[in-house]
Amino acid sequence: MADSDEVVSFDVAAARAEIEAALEGDALHVVAPFTPDEYEVVHCDELTRSFYADDAEMTDHFDMVHRYAGIDFSEIGLFVDDLFPVGGGVEYIATGMEHLTVVRLYVDREGLLLTLDADADVTAAVEAVRDAIDSDLGATGGVPSASDR
């Protein structure tokens, strides 16, 4: 796995470098750019890999996680269009769990999934991405993916 910009238009390698600089220790575990139609895991640490029997099992799990990306974009549309129309675009969604935090950042119809230590500074990670990429964060939902049509 190498940092790649094939899935999204923003600089994933720069975002990863800024996140790693902003967070203490080894708090960043996974980096995966995505759209509603595709994703790529560009960074997966050894700790994360240790939870899977092999790469095939890990890939199956990330495939399942990615299938929910369309739900994210639908939920964003609900928040922006119906619930909080004056709030602007949704920049990120963070899900805090007992052992990790999952952060999904959005740039229009593209995203960046991160997994972090449960106690990692989410705001610092988001600000690091904001500083690293040459795009404004924020998505408004919009058209469904090709797989939803």
# chains A, B, ... in the order shown; residues from 1 in each chain; ligands from 1
>>> residues_around(residues="region 93-104 of chain A", least_positions_apart="6", cutoff="8 Å", atoms="only C-alpha atoms", output="list in words")
Gly111, Leu112, Leu113, Leu114, Thr115, Leu116, Asp117, Ala118, Asp119, Ala120 and Val122 of chain A
>>> residues_around(residues="region 74-78 of chain A", least_positions_apart="2", cutoff="7 Å", atoms="only C-alpha atoms", output="list in words")
Gly70, Ile71, Asp72, Val80, Asp81, Asp82, Leu83, Val90, Thr140, Gly141 and Gly142 of chain A
>>> closest_residue(among="A:Ala14, A:Val8, A:Ile19, A:Cys44", to="Ala128 (chain A)", atoms="only C-alpha atoms")
A:Ile19
>>> closest_residue(among="A:Ala32, A:Ala17, A:Leu105, A:Ala125", to="Leu137 (chain A)", atoms="only C-alpha atoms")
A:Leu105
>>> select_by_dssp(residues="chain A", states="alpha helix (DSSP H)", output="number ranges by chain")
A: 12-22, 46-49, 55-66, 69-78, 122-132
>>> select_by_dssp(residues="region 25-65 of chain A", states="strand (DSSP E)", output="list in words")
Leu28, His29, Val30, Val31, Ala32, Pro33, Phe34, His43 and Cys44 of chain A
>>> residues_around(residues="Asp108 (chain A)", least_positions_apart="2", cutoff="7 Å", atoms="only C-alpha atoms", output="PyMOL selection string")
chain A and resi 106+110+138-140
>>> decode(residues="region 37-59 of chain A", atoms="N, CA and C atoms", output="PDB file, in the first residue's frame")
ATOM      1  N   ASP A  37     -18.299   5.112  -5.043  1.00  0.00           N
ATOM      2  CA  ASP A  37     -18.102   3.954  -5.904  1.00  0.00           C
ATOM      3  C   ASP A  37     -16.815   3.171  -5.684  1.00  0.00           C
ATOM      4  N   GLU A  38     -15.808   3.770  -5.056  1.00  0.00           N
ATOM      5  CA  GLU A  38     -14.548   3.052  -4.885  1.00  0.00           C
ATOM      6  C   GLU A  38     -13.778   3.581  -3.684  1.00  0.00           C
ATOM      7  N   TYR A  39     -12.793   2.781  -3.263  1.00  0.00           N
ATOM      8  CA  TYR A  39     -11.927   3.172  -2.162  1.00  0.00           C
ATOM      9  C   TYR A  39     -10.580   2.494  -2.348  1.00  0.00           C
ATOM     10  N   GLU A  40      -9.611   2.949  -1.571  1.00  0.00           N
ATOM     11  CA  GLU A  40      -8.298   2.317  -1.543  1.00  0.00           C
ATOM     12  C   GLU A  40      -7.709   2.514  -0.150  1.00  0.00           C
ATOM     13  N   VAL A  41      -7.270   1.436   0.472  1.00  0.00           N
ATOM     14  CA  VAL A  41      -6.569   1.555   1.741  1.00  0.00           C
ATOM     15  C   VAL A  41      -5.121   1.877   1.404  1.00  0.00           C
ATOM     16  N   VAL A  42      -4.688   3.081   1.748  1.00  0.00           N
ATOM     17  CA  VAL A  42      -3.324   3.501   1.408  1.00  0.00           C
ATOM     18  C   VAL A  42      -2.373   3.382   2.589  1.00  0.00           C
ATOM     19  N   HIS A  43      -2.936   3.234   3.784  1.00  0.00           N
ATOM     20  CA  HIS A  43      -2.108   3.024   4.983  1.00  0.00           C
ATOM     21  C   HIS A  43      -2.882   2.151   5.948  1.00  0.00           C
ATOM     22  N   CYS A  44      -2.247   1.099   6.416  1.00  0.00           N
ATOM     23  CA  CYS A  44      -2.828   0.222   7.419  1.00  0.00           C
ATOM     24  C   CYS A  44      -1.683  -0.270   8.296  1.00  0.00           C
ATOM     25  N   ASP A  45      -1.704   0.121   9.559  1.00  0.00           N
ATOM     26  CA  ASP A  45      -0.596  -0.217  10.443  1.00  0.00           C
ATOM     27  C   ASP A  45      -0.632  -1.689  10.876  1.00  0.00           C
ATOM     28  N   GLU A  46       0.438  -2.111  11.482  1.00  0.00           N
ATOM     29  CA  GLU A  46       0.562  -3.504  11.905  1.00  0.00           C
ATOM     30  C   GLU A  46      -0.455  -3.869  12.984  1.00  0.00           C
ATOM     31  N   LEU A  47      -0.790  -2.938  13.858  1.00  0.00           N
ATOM     32  CA  LEU A  47      -1.798  -3.216  14.879  1.00  0.00           C
ATOM     33  C   LEU A  47      -3.125  -3.600  14.221  1.00  0.00           C
ATOM     34  N   THR A  48      -3.548  -2.818  13.249  1.00  0.00           N
ATOM     35  CA  THR A  48      -4.800  -3.110  12.551  1.00  0.00           C
ATOM     36  C   THR A  48      -4.706  -4.439  11.822  1.00  0.00           C
ATOM     37  N   ARG A  49      -3.610  -4.674  11.133  1.00  0.00           N
ATOM     38  CA  ARG A  49      -3.428  -5.937  10.406  1.00  0.00           C
ATOM     39  C   ARG A  49      -3.500  -7.144  11.336  1.00  0.00           C
ATOM     40  N   SER A  50      -3.088  -6.968  12.586  1.00  0.00           N
ATOM     41  CA  SER A  50      -3.068  -8.097  13.515  1.00  0.00           C
ATOM     42  C   SER A  50      -4.469  -8.615  13.852  1.00  0.00           C
ATOM     43  N   PHE A  51      -5.506  -7.856  13.559  1.00  0.00           N
ATOM     44  CA  PHE A  51      -6.875  -8.280  13.842  1.00  0.00           C
ATOM     45  C   PHE A  51      -7.460  -9.165  12.740  1.00  0.00           C
ATOM     46  N   TYR A  52      -6.736  -9.366  11.662  1.00  0.00           N
ATOM     47  CA  TYR A  52      -7.217 -10.154  10.530  1.00  0.00           C
ATOM     48  C   TYR A  52      -6.304 -11.353  10.306  1.00  0.00           C
ATOM     49  N   ALA A  53      -6.896 -12.455   9.867  1.00  0.00           N
ATOM     50  CA  ALA A  53      -6.110 -13.664   9.605  1.00  0.00           C
ATOM     51  C   ALA A  53      -5.169 -13.465   8.425  1.00  0.00           C
ATOM     52  N   ASP A  54      -5.612 -12.689   7.422  1.00  0.00           N
ATOM     53  CA  ASP A  54      -4.799 -12.457   6.236  1.00  0.00           C
ATOM     54  C   ASP A  54      -5.340 -11.240   5.484  1.00  0.00           C
ATOM     55  N   ASP A  55      -4.663 -10.887   4.380  1.00  0.00           N
ATOM     56  CA  ASP A  55      -5.078  -9.711   3.606  1.00  0.00           C
ATOM     57  C   ASP A  55      -6.471  -9.876   3.010  1.00  0.00           C
ATOM     58  N   ALA A  56      -6.840 -11.099   2.635  1.00  0.00           N
ATOM     59  CA  ALA A  56      -8.164 -11.332   2.045  1.00  0.00           C
ATOM     60  C   ALA A  56      -9.268 -11.022   3.062  1.00  0.00           C
ATOM     61  N   GLU A  57      -9.085 -11.443   4.299  1.00  0.00           N
ATOM     62  CA  GLU A  57     -10.071 -11.159   5.338  1.00  0.00           C
ATOM     63  C   GLU A  57     -10.161  -9.654   5.592  1.00  0.00           C
ATOM     64  N   MET A  58      -9.009  -8.993   5.611  1.00  0.00           N
ATOM     65  CA  MET A  58      -8.992  -7.552   5.819  1.00  0.00           C
ATOM     66  C   MET A  58      -9.704  -6.841   4.665  1.00  0.00           C
ATOM     67  N   THR A  59      -9.421  -7.260   3.446  1.00  0.00           N
ATOM     68  CA  THR A  59     -10.066  -6.660   2.276  1.00  0.00           C
ATOM     69  C   THR A  59     -11.576  -6.858   2.315  1.00  0.00           C
TER      70      THR A  59
END
